[in-house]
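K.L.:
Sending over final-v9.cif (mmCIF, C-alpha atoms).
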```
data_query
#
loop_
_atom_site.group_PDB
_atom_site.id
_atom_site.type_symbol
_atom_site.label_atom_id
_atom_site.label_comp_id
_atom_site.auth_asym_id
_atom_site.auth_seq_id
_atom_site.Cartn_x
_atom_site.Cartn_y
_atom_site.Cartn_z
ATOM 1 C CA MET A 920 -4.004 -36.527 -19.510
ATOM 2 C CA LYS A 921 -4.879 -32.896 -20.190
ATOM 3 C CA GLN A 922 -7.259 -31.937 -22.983
ATOM 4 C CA ILE A 923 -5.640 -31.892 -26.421
ATOM 5 C CA ILE A 924 -6.728 -28.827 -28.391
ATOM 6 C CA PHE A 925 -5.298 -30.057 -31.689
ATOM 7 C CA LYS A 926 -2.550 -32.199 -33.161
ATOM 8 C CA GLY A 927 -0.566 -31.171 -36.215
ATOM 9 C CA SER A 928 -0.358 -27.735 -37.798
ATOM 10 C CA GLY A 929 -2.030 -24.668 -36.357
ATOM 11 C CA VAL A 930 -1.605 -21.536 -38.446
ATOM 12 C CA ALA A 931 -0.787 -18.276 -36.689
ATOM 13 C CA ILE A 932 -2.905 -16.523 -39.265
ATOM 14 C CA VAL A 933 -2.215 -12.996 -40.480
ATOM 15 C CA THR A 934 -4.748 -10.222 -40.108
ATOM 16 C CA PRO A 935 -5.281 -8.819 -43.607
ATOM 17 C CA PHE A 936 -5.683 -5.051 -43.833
ATOM 18 C CA ASN A 937 -7.158 -2.779 -46.450
ATOM 19 C CA GLU A 938 -5.048 0.105 -47.718
ATOM 20 C CA ASP A 939 -6.719 2.381 -45.153
ATOM 21 C CA MET A 940 -5.488 -0.060 -42.457
ATOM 22 C CA SER A 941 -8.965 -1.318 -41.554
ATOM 23 C CA VAL A 942 -9.355 -5.082 -41.109
ATOM 24 C CA ASN A 943 -10.208 -6.822 -44.370
ATOM 25 C CA TYR A 944 -12.722 -9.355 -43.068
ATOM 26 C CA PRO A 945 -13.711 -10.826 -46.457
ATOM 27 C CA LYS A 946 -10.050 -11.577 -47.169
ATOM 28 C CA LEU A 947 -9.629 -13.074 -43.697
ATOM 29 C CA GLY A 948 -12.557 -15.350 -44.474
ATOM 30 C CA GLN A 949 -10.982 -16.466 -47.749
ATOM 31 C CA LEU A 950 -7.689 -17.203 -46.013
ATOM 32 C CA ILE A 951 -9.469 -19.217 -43.311
ATOM 33 C CA ASP A 952 -11.334 -21.295 -45.888
ATOM 34 C CA TRP A 953 -8.126 -21.935 -47.846
ATOM 35 C CA GLN A 954 -6.246 -22.962 -44.715
ATOM 36 C CA ILE A 955 -8.891 -25.500 -43.753
ATOM 37 C CA ALA A 956 -9.160 -26.833 -47.306
ATOM 38 C CA GLU A 957 -5.377 -27.350 -47.333
ATOM 39 C CA GLY A 958 -5.458 -29.413 -44.140
ATOM 40 C CA THR A 959 -4.574 -26.922 -41.397
ATOM 41 C CA ASP A 960 -5.575 -28.391 -38.053
ATOM 42 C CA SER A 961 -6.278 -25.198 -36.091
ATOM 43 C CA ILE A 962 -6.712 -21.472 -36.725
ATOM 44 C CA VAL A 963 -4.809 -19.308 -34.250
ATOM 45 C CA ILE A 964 -6.204 -15.783 -34.552
ATOM 46 C CA CYS A 965 -4.799 -12.542 -33.095
ATOM 47 C CA GLY A 966 -1.370 -13.844 -32.238
ATOM 48 C CA THR A 967 1.919 -12.100 -32.968
ATOM 49 C CA THR A 968 1.600 -12.856 -36.685
ATOM 50 C CA GLY A 969 -1.935 -11.473 -36.548
ATOM 51 C CA GLU A 970 -0.586 -8.119 -35.312
ATOM 52 C CA CYS A 971 -2.648 -8.253 -32.137
ATOM 53 C CA SER A 972 -0.490 -5.545 -30.561
ATOM 54 C CA THR A 973 -1.819 -2.947 -32.997
ATOM 55 C CA LEU A 974 -5.452 -4.061 -32.984
ATOM 56 C CA THR A 975 -7.893 -2.240 -30.756
ATOM 57 C CA ASP A 976 -9.727 -4.413 -28.245
ATOM 58 C CA ALA A 977 -12.880 -4.071 -30.333
ATOM 59 C CA GLU A 978 -11.038 -5.164 -33.491
ATOM 60 C CA GLN A 979 -9.421 -8.069 -31.676
ATOM 61 C CA ILE A 980 -12.707 -9.426 -30.351
ATOM 62 C CA GLU A 981 -14.392 -8.905 -33.710
ATOM 63 C CA CYS A 982 -11.582 -10.818 -35.465
ATOM 64 C CA ILE A 983 -12.076 -13.685 -33.005
ATOM 65 C CA ARG A 984 -15.862 -13.593 -33.414
ATOM 66 C CA TYR A 985 -15.574 -13.505 -37.212
ATOM 67 C CA THR A 986 -13.079 -16.370 -37.249
ATOM 68 C CA ALA A 987 -15.181 -18.574 -34.970
ATOM 69 C CA GLN A 988 -18.238 -17.925 -37.117
ATOM 70 C CA ARG A 989 -16.385 -18.547 -40.383
ATOM 71 C CA VAL A 990 -14.693 -21.719 -39.128
ATOM 72 C CA ALA A 991 -18.045 -22.994 -37.861
ATOM 73 C CA GLY A 992 -16.564 -25.874 -35.917
ATOM 74 C CA ARG A 993 -14.451 -27.315 -38.727
ATOM 75 C CA VAL A 994 -11.231 -26.955 -36.690
ATOM 76 C CA PRO A 995 -10.462 -25.487 -33.260
ATOM 77 C CA VAL A 996 -10.122 -21.696 -33.031
ATOM 78 C CA VAL A 997 -7.393 -20.516 -30.646
ATOM 79 C CA ALA A 998 -7.688 -16.844 -29.700
ATOM 80 C CA GLY A 999 -4.708 -14.743 -28.745
ATOM 81 C CA CYS A 1000 -5.652 -12.808 -25.602
ATOM 82 C CA GLY A 1001 -2.306 -12.188 -23.983
ATOM 83 C CA SER A 1002 -1.380 -8.949 -22.261
ATOM 84 C CA ASN A 1003 1.261 -7.503 -19.958
ATOM 85 C CA ASP A 1004 -1.668 -6.139 -17.919
ATOM 86 C CA THR A 1005 -3.262 -9.101 -16.170
ATOM 87 C CA PRO A 1006 -6.779 -7.604 -15.724
ATOM 88 C CA HIS A 1007 -6.717 -6.615 -19.402
ATOM 89 C CA GLY A 1008 -5.851 -10.192 -20.359
ATOM 90 C CA VAL A 1009 -8.625 -11.463 -18.105
ATOM 91 C CA ASN A 1010 -11.168 -9.208 -19.805
ATOM 92 C CA LEU A 1011 -9.997 -10.158 -23.299
ATOM 93 C CA SER A 1012 -10.241 -13.826 -22.332
ATOM 94 C CA LYS A 1013 -13.805 -13.446 -21.126
ATOM 95 C CA GLU A 1014 -14.829 -11.638 -24.309
ATOM 96 C CA ALA A 1015 -13.093 -14.208 -26.531
ATOM 97 C CA ALA A 1016 -14.982 -16.981 -24.753
ATOM 98 C CA LYS A 1017 -18.270 -15.158 -25.337
ATOM 99 C CA VAL A 1018 -17.721 -14.857 -29.093
ATOM 100 C CA GLY A 1019 -16.875 -18.506 -29.716
ATOM 101 C CA ALA A 1020 -13.169 -19.221 -29.196
ATOM 102 C CA ASP A 1021 -12.345 -22.862 -28.465
ATOM 103 C CA ALA A 1022 -9.091 -22.113 -26.616
ATOM 104 C CA LEU A 1023 -6.934 -19.173 -25.561
ATOM 105 C CA LEU A 1024 -3.298 -18.258 -26.195
ATOM 106 C CA HIS A 1025 -1.572 -16.220 -23.470
ATOM 107 C CA VAL A 1026 1.901 -14.779 -23.986
ATOM 108 C CA THR A 1027 4.274 -13.997 -21.129
ATOM 109 C CA PRO A 1028 4.170 -10.370 -19.937
ATOM 110 C CA TYR A 1029 6.430 -8.035 -21.894
ATOM 111 C CA TYR A 1030 8.121 -4.730 -20.957
ATOM 112 C CA ASN A 1031 6.934 -4.826 -17.339
ATOM 113 C CA LYS A 1032 8.545 -8.239 -16.937
ATOM 114 C CA THR A 1033 7.706 -10.219 -13.835
ATOM 115 C CA SER A 1034 9.364 -12.921 -11.761
ATOM 116 C CA GLN A 1035 8.738 -16.633 -12.231
ATOM 117 C CA ARG A 1036 6.340 -16.482 -9.267
ATOM 118 C CA GLY A 1037 4.635 -13.541 -10.944
ATOM 119 C CA LEU A 1038 4.260 -15.596 -14.120
ATOM 120 C CA VAL A 1039 2.376 -18.271 -12.207
ATOM 121 C CA ARG A 1040 -0.014 -15.717 -10.726
ATOM 122 C CA HIS A 1041 -0.455 -13.959 -14.075
ATOM 123 C CA PHE A 1042 -1.294 -17.116 -16.023
ATOM 124 C CA THR A 1043 -3.422 -18.481 -13.197
ATOM 125 C CA ALA A 1044 -5.583 -15.356 -13.120
ATOM 126 C CA MET A 1045 -6.256 -15.572 -16.845
ATOM 127 C CA ALA A 1046 -6.814 -19.327 -16.803
ATOM 128 C CA ASP A 1047 -9.329 -18.870 -13.976
ATOM 129 C CA ALA A 1048 -11.248 -16.286 -16.019
ATOM 130 C CA THR A 1049 -13.003 -18.765 -18.334
ATOM 131 C CA ASP A 1050 -13.724 -22.455 -18.796
ATOM 132 C CA LEU A 1051 -11.595 -22.594 -21.955
ATOM 133 C CA PRO A 1052 -8.282 -24.469 -22.194
ATOM 134 C CA VAL A 1053 -5.206 -22.255 -22.240
ATOM 135 C CA ILE A 1054 -1.957 -22.415 -24.213
ATOM 136 C CA VAL A 1055 0.794 -20.348 -22.618
ATOM 137 C CA TYR A 1056 3.261 -18.776 -25.038
ATOM 138 C CA ASN A 1057 6.978 -18.554 -24.307
ATOM 139 C CA VAL A 1058 8.812 -16.257 -26.733
ATOM 140 C CA PRO A 1059 11.757 -14.586 -24.949
ATOM 141 C CA ALA A 1060 13.048 -12.901 -28.113
ATOM 142 C CA ARG A 1061 9.957 -10.686 -28.099
ATOM 143 C CA THR A 1062 9.098 -10.408 -24.421
ATOM 144 C CA GLY A 1063 12.421 -10.621 -22.610
ATOM 145 C CA MET A 1064 10.907 -13.315 -20.360
ATOM 146 C CA ASN A 1065 11.533 -17.049 -20.304
ATOM 147 C CA ILE A 1066 9.426 -19.714 -18.601
ATOM 148 C CA THR A 1067 11.716 -22.085 -16.712
ATOM 149 C CA PRO A 1068 11.077 -25.844 -16.445
ATOM 150 C CA ALA A 1069 10.219 -25.452 -12.750
ATOM 151 C CA THR A 1070 7.627 -22.790 -13.562
ATOM 152 C CA TYR A 1071 6.170 -24.957 -16.314
ATOM 153 C CA LEU A 1072 5.779 -27.716 -13.756
ATOM 154 C CA GLU A 1073 3.845 -25.398 -11.468
ATOM 155 C CA LEU A 1074 1.674 -24.135 -14.332
ATOM 156 C CA SER A 1075 0.929 -27.694 -15.454
ATOM 157 C CA LYS A 1076 -0.890 -28.275 -12.168
ATOM 158 C CA HIS A 1077 -3.661 -25.892 -13.251
ATOM 159 C CA PRO A 1078 -6.502 -27.867 -14.887
ATOM 160 C CA LYS A 1079 -7.078 -25.275 -17.630
ATOM 161 C CA ILE A 1080 -3.425 -24.691 -18.579
ATOM 162 C CA VAL A 1081 -3.081 -27.572 -20.998
ATOM 163 C CA ALA A 1082 -0.252 -26.644 -23.379
ATOM 164 C CA THR A 1083 2.554 -24.296 -24.298
ATOM 165 C CA LYS A 1084 3.688 -22.723 -27.525
ATOM 166 C CA GLU A 1085 7.432 -22.967 -26.948
ATOM 167 C CA ALA A 1086 9.623 -20.545 -28.890
ATOM 168 C CA ASN A 1087 12.676 -20.084 -26.706
ATOM 169 C CA GLY A 1088 14.895 -22.149 -29.012
ATOM 170 C CA ASP A 1089 16.269 -24.238 -26.137
ATOM 171 C CA ILE A 1090 15.592 -27.849 -27.068
ATOM 172 C CA ALA A 1091 17.360 -29.150 -23.936
ATOM 173 C CA ALA A 1092 15.079 -27.099 -21.678
ATOM 174 C CA ALA A 1093 12.086 -28.419 -23.618
ATOM 175 C CA ALA A 1094 13.293 -31.976 -23.031
ATOM 176 C CA ARG A 1095 13.645 -31.332 -19.310
ATOM 177 C CA THR A 1096 10.198 -29.728 -19.127
ATOM 178 C CA ILE A 1097 8.475 -32.506 -21.047
ATOM 179 C CA GLY A 1098 10.121 -35.030 -18.767
ATOM 180 C CA MET A 1099 8.959 -33.161 -15.685
ATOM 181 C CA CYS A 1100 5.393 -32.385 -16.786
ATOM 182 C CA GLY A 1101 4.512 -35.491 -18.765
ATOM 183 C CA ASP A 1102 0.910 -35.547 -19.984
ATOM 184 C CA ASN A 1103 -0.030 -32.567 -17.811
ATOM 185 C CA LEU A 1104 1.374 -30.123 -20.379
ATOM 186 C CA HIS A 1105 1.318 -30.519 -24.145
ATOM 187 C CA PHE A 1106 3.920 -28.860 -26.365
ATOM 188 C CA TYR A 1107 3.585 -27.031 -29.673
ATOM 189 C CA SER A 1108 6.619 -25.641 -31.424
ATOM 190 C CA GLY A 1109 6.530 -21.870 -31.798
ATOM 191 C CA ASN A 1110 9.482 -22.010 -34.196
ATOM 192 C CA ASP A 1111 9.034 -23.276 -37.742
ATOM 193 C CA ASP A 1112 12.660 -24.416 -37.865
ATOM 194 C CA ALA A 1113 12.292 -26.839 -34.937
ATOM 195 C CA VAL A 1114 8.951 -28.573 -35.422
ATOM 196 C CA ILE A 1115 10.158 -32.128 -35.902
ATOM 197 C CA PRO A 1116 12.887 -31.896 -33.232
ATOM 198 C CA LEU A 1117 10.266 -30.830 -30.690
ATOM 199 C CA MET A 1118 7.784 -33.461 -31.844
ATOM 200 C CA SER A 1119 10.502 -36.093 -31.421
ATOM 201 C CA LEU A 1120 10.466 -35.216 -27.706
ATOM 202 C CA GLY A 1121 6.702 -35.612 -27.500
ATOM 203 C CA GLY A 1122 5.378 -32.360 -28.974
ATOM 204 C CA LEU A 1123 1.985 -32.421 -30.683
ATOM 205 C CA GLY A 1124 2.758 -30.077 -33.585
ATOM 206 C CA VAL A 1125 3.330 -26.435 -34.394
ATOM 207 C CA ILE A 1126 1.710 -23.030 -34.274
ATOM 208 C CA SER A 1127 3.203 -21.870 -37.528
ATOM 209 C CA VAL A 1128 3.992 -18.699 -39.443
ATOM 210 C CA VAL A 1129 5.062 -20.552 -42.599
ATOM 211 C CA ALA A 1130 1.707 -22.355 -42.718
ATOM 212 C CA ASN A 1131 0.242 -19.031 -43.898
ATOM 213 C CA ILE A 1132 1.839 -19.690 -47.288
ATOM 214 C CA LEU A 1133 2.452 -23.464 -47.155
ATOM 215 C CA PRO A 1134 -0.519 -24.866 -45.239
ATOM 216 C CA LYS A 1135 -0.625 -28.247 -46.955
ATOM 217 C CA ARG A 1136 3.079 -28.970 -46.590
ATOM 218 C CA THR A 1137 3.182 -27.841 -42.975
ATOM 219 C CA HIS A 1138 0.236 -30.103 -42.188
ATOM 220 C CA GLN A 1139 1.827 -32.976 -44.117
ATOM 221 C CA MET A 1140 5.095 -32.604 -42.200
ATOM 222 C CA THR A 1141 3.389 -32.881 -38.829
ATOM 223 C CA GLN A 1142 1.004 -35.615 -39.958
ATOM 224 C CA LEU A 1143 3.841 -37.736 -41.296
ATOM 225 C CA PHE A 1144 5.487 -37.596 -37.894
ATOM 226 C CA LEU A 1145 2.243 -38.391 -36.083
ATOM 227 C CA ASP A 1146 1.768 -41.361 -38.448
ATOM 228 C CA GLY A 1147 5.204 -42.708 -37.530
ATOM 229 C CA GLN A 1148 6.906 -41.737 -40.787
ATOM 230 C CA VAL A 1149 9.682 -39.930 -38.980
ATOM 231 C CA SER A 1150 12.340 -39.834 -41.694
ATOM 232 C CA GLN A 1151 9.874 -38.449 -44.244
ATOM 233 C CA ALA A 1152 8.767 -35.798 -41.759
ATOM 234 C CA GLY A 1153 12.386 -34.881 -41.099
ATOM 235 C CA LYS A 1154 13.028 -34.596 -44.841
ATOM 236 C CA LEU A 1155 10.153 -32.135 -45.178
ATOM 237 C CA GLN A 1156 11.512 -30.128 -42.244
ATOM 238 C CA THR A 1157 14.926 -29.813 -43.865
ATOM 239 C CA ASP A 1158 13.414 -29.068 -47.290
ATOM 240 C CA LEU A 1159 11.509 -26.122 -45.810
ATOM 241 C CA MET A 1160 14.446 -24.516 -43.986
ATOM 242 C CA GLY A 1161 15.203 -22.041 -46.781
ATOM 243 C CA ILE A 1162 11.687 -20.660 -46.920
ATOM 244 C CA VAL A 1163 11.445 -20.709 -43.110
ATOM 245 C CA ASP A 1164 14.561 -18.534 -42.944
ATOM 246 C CA ALA A 1165 13.122 -16.202 -45.588
ATOM 247 C CA MET A 1166 9.943 -15.730 -43.567
ATOM 248 C CA PHE A 1167 12.073 -14.384 -40.727
ATOM 249 C CA CYS A 1168 14.493 -12.239 -42.735
ATOM 250 C CA ASP A 1169 12.601 -9.219 -41.402
ATOM 251 C CA ILE A 1170 10.318 -8.686 -38.420
ATOM 252 C CA ASN A 1171 7.384 -11.115 -38.389
ATOM 253 C CA PRO A 1172 4.820 -10.734 -39.981
ATOM 254 C CA VAL A 1173 6.414 -8.394 -42.541
ATOM 255 C CA PRO A 1174 7.927 -11.196 -44.704
ATOM 256 C CA VAL A 1175 4.911 -13.521 -44.606
ATOM 257 C CA LYS A 1176 2.549 -10.698 -45.552
ATOM 258 C CA GLU A 1177 4.911 -9.765 -48.379
ATOM 259 C CA ALA A 1178 4.825 -13.399 -49.511
ATOM 260 C CA LEU A 1179 1.031 -13.557 -49.402
ATOM 261 C CA ASN A 1180 0.808 -10.358 -51.398
ATOM 262 C CA LEU A 1181 3.219 -11.727 -54.005
ATOM 263 C CA MET A 1182 1.060 -14.862 -54.168
ATOM 264 C CA GLY A 1183 -1.985 -12.713 -54.950
ATOM 265 C CA TRP A 1184 -3.745 -12.982 -51.601
ATOM 266 C CA GLU A 1185 -3.892 -9.204 -51.036
ATOM 267 C CA ALA A 1186 -3.098 -9.459 -47.332
ATOM 268 C CA GLY A 1187 -2.267 -5.767 -47.341
ATOM 269 C CA PRO A 1188 0.361 -3.865 -45.380
ATOM 270 C CA CYS A 1189 1.378 -4.143 -41.748
ATOM 271 C CA ARG A 1190 0.420 -1.473 -39.260
ATOM 272 C CA LEU A 1191 3.052 0.846 -37.880
ATOM 273 C CA PRO A 1192 5.568 0.541 -36.372
ATOM 274 C CA LEU A 1193 6.076 -2.326 -38.838
ATOM 275 C CA ILE A 1194 6.879 -1.164 -42.364
ATOM 276 C CA GLU A 1195 7.411 -2.775 -45.750
ATOM 277 C CA THR A 1196 10.543 -4.888 -46.207
ATOM 278 C CA ASP A 1197 13.566 -3.724 -48.176
ATOM 279 C CA THR A 1198 14.524 -4.756 -51.699
ATOM 280 C CA THR A 1199 17.113 -7.313 -50.598
ATOM 281 C CA SER A 1200 14.645 -9.122 -48.355
ATOM 282 C CA ARG A 1201 11.888 -8.908 -50.964
ATOM 283 C CA ASP A 1202 14.184 -10.553 -53.520
ATOM 284 C CA ARG A 1203 15.027 -13.294 -51.025
ATOM 285 C CA ILE A 1204 11.349 -13.925 -50.313
ATOM 286 C CA SER A 1205 10.502 -13.990 -54.028
ATOM 287 C CA ALA A 1206 13.289 -16.451 -54.759
ATOM 288 C CA GLN A 1207 12.020 -18.874 -52.127
ATOM 289 C CA LEU A 1208 8.433 -18.568 -53.343
ATOM 290 C CA ARG A 1209 9.576 -19.429 -56.866
ATOM 291 C CA LEU A 1210 11.677 -22.322 -55.597
ATOM 292 C CA HIS A 1211 8.619 -23.811 -53.892
ATOM 293 C CA GLY A 1212 6.324 -23.193 -56.860
ATOM 294 C CA LEU A 1213 4.231 -20.548 -55.123
ATOM 295 C CA ILE A 1214 4.825 -17.876 -57.767
ATOM 296 C CA LYS A 1215 6.202 -17.973 -61.295
#
```
Using the file provided, produce a representation of the structure as structure tokens.
P.N.:
Amino acid sequence: MKQIIFKGSGVAIVTPFNEDMSVNYPKLGQLIDWQIAEGTDSIVICGTTGECSTLTDAEQIECIRYTAQRVAGRVPVVAGCGSNDTPHGVNLSKEAAKVGADALLHVTPYYNKTSQRGLVRHFTAMADATDLPVIVYNVPARTGMNITPATYLELSKHPKIVATKEANGDIAAAARTIGMCGDNLHFYSGNDDAVIPLMSLGGLGVISVVANILPKRTHQMTQLFLDGQVSQAGKLQTDLMGIVDAMFCDINPVPVKEALNLMGWEAGPCRLPLIETDTTSRDRISAQLRLHGLIK
């Protein structure tokens, strides 16, 4: 069996910004401490929700270094180091390993999309760059690329490629892939609306956006399933669908940052090209936060 990085709920944590758009490290530290206190099982830093695409390399590595130092071994730190430029991803991976990451998250190449054979070479090069375990990230809605079951099987043969964050929304393909790869590739849901369905096929948990605002309940949902309380876990999944939908009523992470700001966390704005949400979406987000007791 491949190494298990974590089971349960990993938060794809936001990167809080000051009004001048610099990284707000003290606020990031407070969010990390709150997440761990609420039961979050892993901190995933500099992913899509962390706005890694608009961080400089220096900011990205400093965010990873700061997170590893702040977490101080309490939970695993997974560092987003993906790139559509393979040598760039290799260099980011090496630097993330130096500053204390426990594992790496590598997204499929975007814009200059490759073939399935190219995917294998791309991920292999980055996995070979360090001794850290790697989670590949499949999110076709953002990248225009999809990892097929056959490619997953090939990737699962690499000793350092241990898991995937699957966000293609195709539960049948996930079932086929899990059947083909077995214990050589672990699965995390990349979609908050399909955590329990994927876990029912053998998934280990979720890398979650919604956990930014509901860390305890997201952890509880996954832990209930892991403890064999499947119906209770399913009930939590269905209870959260309204707020999950609200967190994706605009481009991620615009809604979740809006929610954190409404909750008083001062996560700040998003960097361009992302802008503040409109009034209709803000009202929808506020209504869900009130429904779940997160604001008055």
K.L.:
Which one is closest to Asn943 of chain A: A:Glu1185, A:Asp1197, A:Asp1158, A:Asp1050? Count all atoms listed in the file.
P.N.:
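Of A:Glu1185, A:Asp1197, A:Asp1158, A:Asp1050, the one nearest Asn943 of chain A is A:Glu1185, counting all atoms listed in the file.
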K.L.:
What does the distance between atom CA of Val1163 of chain A and atom CA of Ile1080 of chain A come to in Å, to one decimal place?
P.N.:
29.0 Å
K.L.:
Got a sec: who's within 10 Å of Val997 of chain A, counting all atoms listed in the file, leaving out chain neighbours fewer than 3 positions off, as a PyMOL selection string?
P.N.:
chain A and resi 924-925+929-931+961-966+983+986-987+994+1000+1015+1019-1024+1051-1054
K.L.:
If I take atom CA of Ala1165 of chain A and atom CA of Ser1200 of chain A, how far is one from the other in Å, to one decimal?
P.N.:
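It comes out at 7.8 Å.
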K.L.:
What does the PyMOL selection byres ((chain A and resi 1029-1035) around 8) select in this file, as a list in words?
P.N.:
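With the PyMOL selection byres ((chain A and resi 1029-1035) around 8) on this model, the match is Ser1002, Asn1003, Thr1027, Pro1028, Arg1036, Gly1037, Leu1038, Val1039, Arg1061, Thr1062, Gly1063, Met1064, Ile1066, Thr1067 and Thr1070 of chain A.
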K.L.:
Restricting the calculation to only C-alpha atoms: of A:Cys1100, A:Val1055, A:Ala1046, A:Ala1094, which residue gets closest to Ala1082 of chain A?
P.N.:
A:Val1055
K.L.:
Where does the PyMOL selection byres ((chain A and resi 1048) around 7) land in this file, that is, which residues does it pick, as a list in words?
P.N.:
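Checked against the file, the PyMOL selection byres ((chain A and resi 1048) around 7) matches Val1009, Ser1012, Lys1013, Ala1044, Met1045, Ala1046, Asp1047 and Thr1049 of chain A.
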K.L.:
Okay, now the selection with C-alpha atoms, as a compact mmCIF listing (two decimals), keeping the file's coordinate frame?
P.N.:
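Done, and the output landed in again32.txt:
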```txt
# COMPACT_ATOMS: atom_id res chain seq x y z
CA VAL A 1009 -8.62 -11.46 -18.10
CA SER A 1012 -10.24 -13.83 -22.33
CA LYS A 1013 -13.80 -13.45 -21.13
CA ALA A 1044 -5.58 -15.36 -13.12
CA MET A 1045 -6.26 -15.57 -16.84
CA ALA A 1046 -6.81 -19.33 -16.80
CA ASP A 1047 -9.33 -18.87 -13.98
CA THR A 1049 -13.00 -18.76 -18.33
```
K.L.:
So which residues touch Pro1068 of chain A within 7 Å, counting only C-alpha atoms, skipping near sequence neighbours fewer than 5 positions away, as a short mmCIF file (atom, residue, chain, number, x, y, z; two decimals) with C-alpha atoms, in the coordinates of the input?
P.N.:
```
data_model
loop_
_atom_site.label_atom_id
_atom_site.label_comp_id
_atom_site.auth_asym_id
_atom_site.auth_seq_id
_atom_site.Cartn_x
_atom_site.Cartn_y
_atom_site.Cartn_z
CA ALA A 1092 15.08 -27.10 -21.68
CA ARG A 1095 13.64 -31.33 -19.31
CA THR A 1096 10.20 -29.73 -19.13
#
```
K.L.:
What's the separation between atom CA of Thr1141 of chain A and atom CA of Ile980 of chain A, in Å to one decimal place?
P.N.:
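Between atom CA of Thr1141 of chain A and atom CA of Ile980 of chain A the gap works out to 29.7 Å.
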K.L.:
Quick one: apply the PyMOL selection byres ((chain A and resi 1132) around 9) to the file and drop the selected residues here as a ChimeraX atom specification.
P.N.:
/A:1128-1131,1133-1135,1175,1178-1179,1182,1213
K.L.:
Please produce a file of the residues just selected, as a PDB file, in the coordinates of the input, where the atoms kept are C-alpha atoms.
P.N.:
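selection12.pdb was written with the following content:
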```pdb
ATOM      1  CA  VAL A1128       3.992 -18.699 -39.443  1.00  0.00           C
ATOM      2  CA  VAL A1129       5.062 -20.552 -42.599  1.00  0.00           C
ATOM      3  CA  ALA A1130       1.707 -22.355 -42.718  1.00  0.00           C
ATOM      4  CA  ASN A1131       0.242 -19.031 -43.898  1.00  0.00           C
ATOM      5  CA  LEU A1133       2.452 -23.464 -47.155  1.00  0.00           C
ATOM      6  CA  PRO A1134      -0.519 -24.866 -45.239  1.00  0.00           C
ATOM      7  CA  LYS A1135      -0.625 -28.247 -46.955  1.00  0.00           C
ATOM      8  CA  VAL A1175       4.911 -13.521 -44.606  1.00  0.00           C
ATOM      9  CA  ALA A1178       4.825 -13.399 -49.511  1.00  0.00           C
ATOM     10  CA  LEU A1179       1.031 -13.557 -49.402  1.00  0.00           C
ATOM     11  CA  MET A1182       1.060 -14.862 -54.168  1.00  0.00           C
ATOM     12  CA  LEU A1213       4.231 -20.548 -55.123  1.00  0.00           C
TER      13      LEU A1213
END
```
K.L.:
Extract, using all atoms listed in the file, all DNA, RNA and protein residues at most 8 Å from Gly1122 of chain A, discarding same-chain residues fewer than 5 positions from it, and format them as a PyMOL selection string.
P.N.:
chain A and resi 1105-1108+1117
K.L.:
Write out, as a PDB file, keeping the file's coordinate frame, the residues just selected, with C-alpha atoms.
P.N.:
```
ATOM      1  CA  HIS A1105       1.318 -30.519 -24.145  1.00  0.00           C
ATOM      2  CA  PHE A1106       3.920 -28.860 -26.365  1.00  0.00           C
ATOM      3  CA  TYR A1107       3.585 -27.031 -29.673  1.00  0.00           C
ATOM      4  CA  SER A1108       6.619 -25.641 -31.424  1.00  0.00           C
ATOM      5  CA  LEU A1117      10.266 -30.830 -30.690  1.00  0.00           C
TER       6      LEU A1117
END
```
K.L.:
Taking 2 positions as the minimum chain separation for residues in the same chain, which residues sit within 9 Å of Ile951 of chain A when counting only C-alpha atoms? Answer as a ChimeraX atom specification.
P.N.:
/A:932,946-949,953-956,962,986,989-990
K.L.:
Those same residues, written as an mmCIF file, in the coordinates of the input with C-alpha atoms?
P.N.:
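Heads up, here's the output in again31.cif:
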```cif
data_model
loop_
_atom_site.group_PDB
_atom_site.id
_atom_site.type_symbol
_atom_site.label_atom_id
_atom_site.label_comp_id
_atom_site.auth_asym_id
_atom_site.auth_seq_id
_atom_site.Cartn_x
_atom_site.Cartn_y
_atom_site.Cartn_z
ATOM 1 C CA ILE A 932 -2.905 -16.523 -39.265
ATOM 2 C CA LYS A 946 -10.050 -11.577 -47.169
ATOM 3 C CA LEU A 947 -9.629 -13.074 -43.697
ATOM 4 C CA GLY A 948 -12.557 -15.350 -44.474
ATOM 5 C CA GLN A 949 -10.982 -16.466 -47.749
ATOM 6 C CA TRP A 953 -8.126 -21.935 -47.846
ATOM 7 C CA GLN A 954 -6.246 -22.962 -44.715
ATOM 8 C CA ILE A 955 -8.891 -25.500 -43.753
ATOM 9 C CA ALA A 956 -9.160 -26.833 -47.306
ATOM 10 C CA ILE A 962 -6.712 -21.472 -36.725
ATOM 11 C CA THR A 986 -13.079 -16.370 -37.249
ATOM 12 C CA ARG A 989 -16.385 -18.547 -40.383
ATOM 13 C CA VAL A 990 -14.693 -21.719 -39.128
#
```
K.L.:
Between A:Asn1180, A:Ala1113, A:Met1099, A:Pro1188, which is the closest to Leu1159 of chain A once you count all atoms listed in the file?
P.N.:
A:Ala1113
K.L.:
Give the answer as one residue: which of A:Leu974, A:Pro1006, A:Arg993, A:Val1058 has the shortest atom-to-atom distance to Leu1191 of chain A, using only C-alpha atoms?
P.N.:
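So, comparing all the options, the nearest one is A:Leu974.
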K.L.:
Here is a test: counting only C-alpha atoms, which residue of A:Thr1157, A:Thr967, A:Thr973, A:Gln979 is nearest to Glu1014 of chain A?
P.N.:
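So, comparing all the options, the nearest one is A:Gln979.
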K.L.:
Which one of A:Ser1119, A:Gln1142, A:Gln1207, A:Thr1198 sits closest to Gly1161 of chain A if you count all atoms listed in the file?
P.N.:
A:Gln1207
K.L.:
Name all residues at most 7 Å from Asn1057 of chain A (count only C-alpha atoms; drop same-chain ones fewer than 2 positions away) and give them as number ranges by chain.
P.N.:
A: 1026-1027, 1055, 1059, 1065-1066, 1084-1087
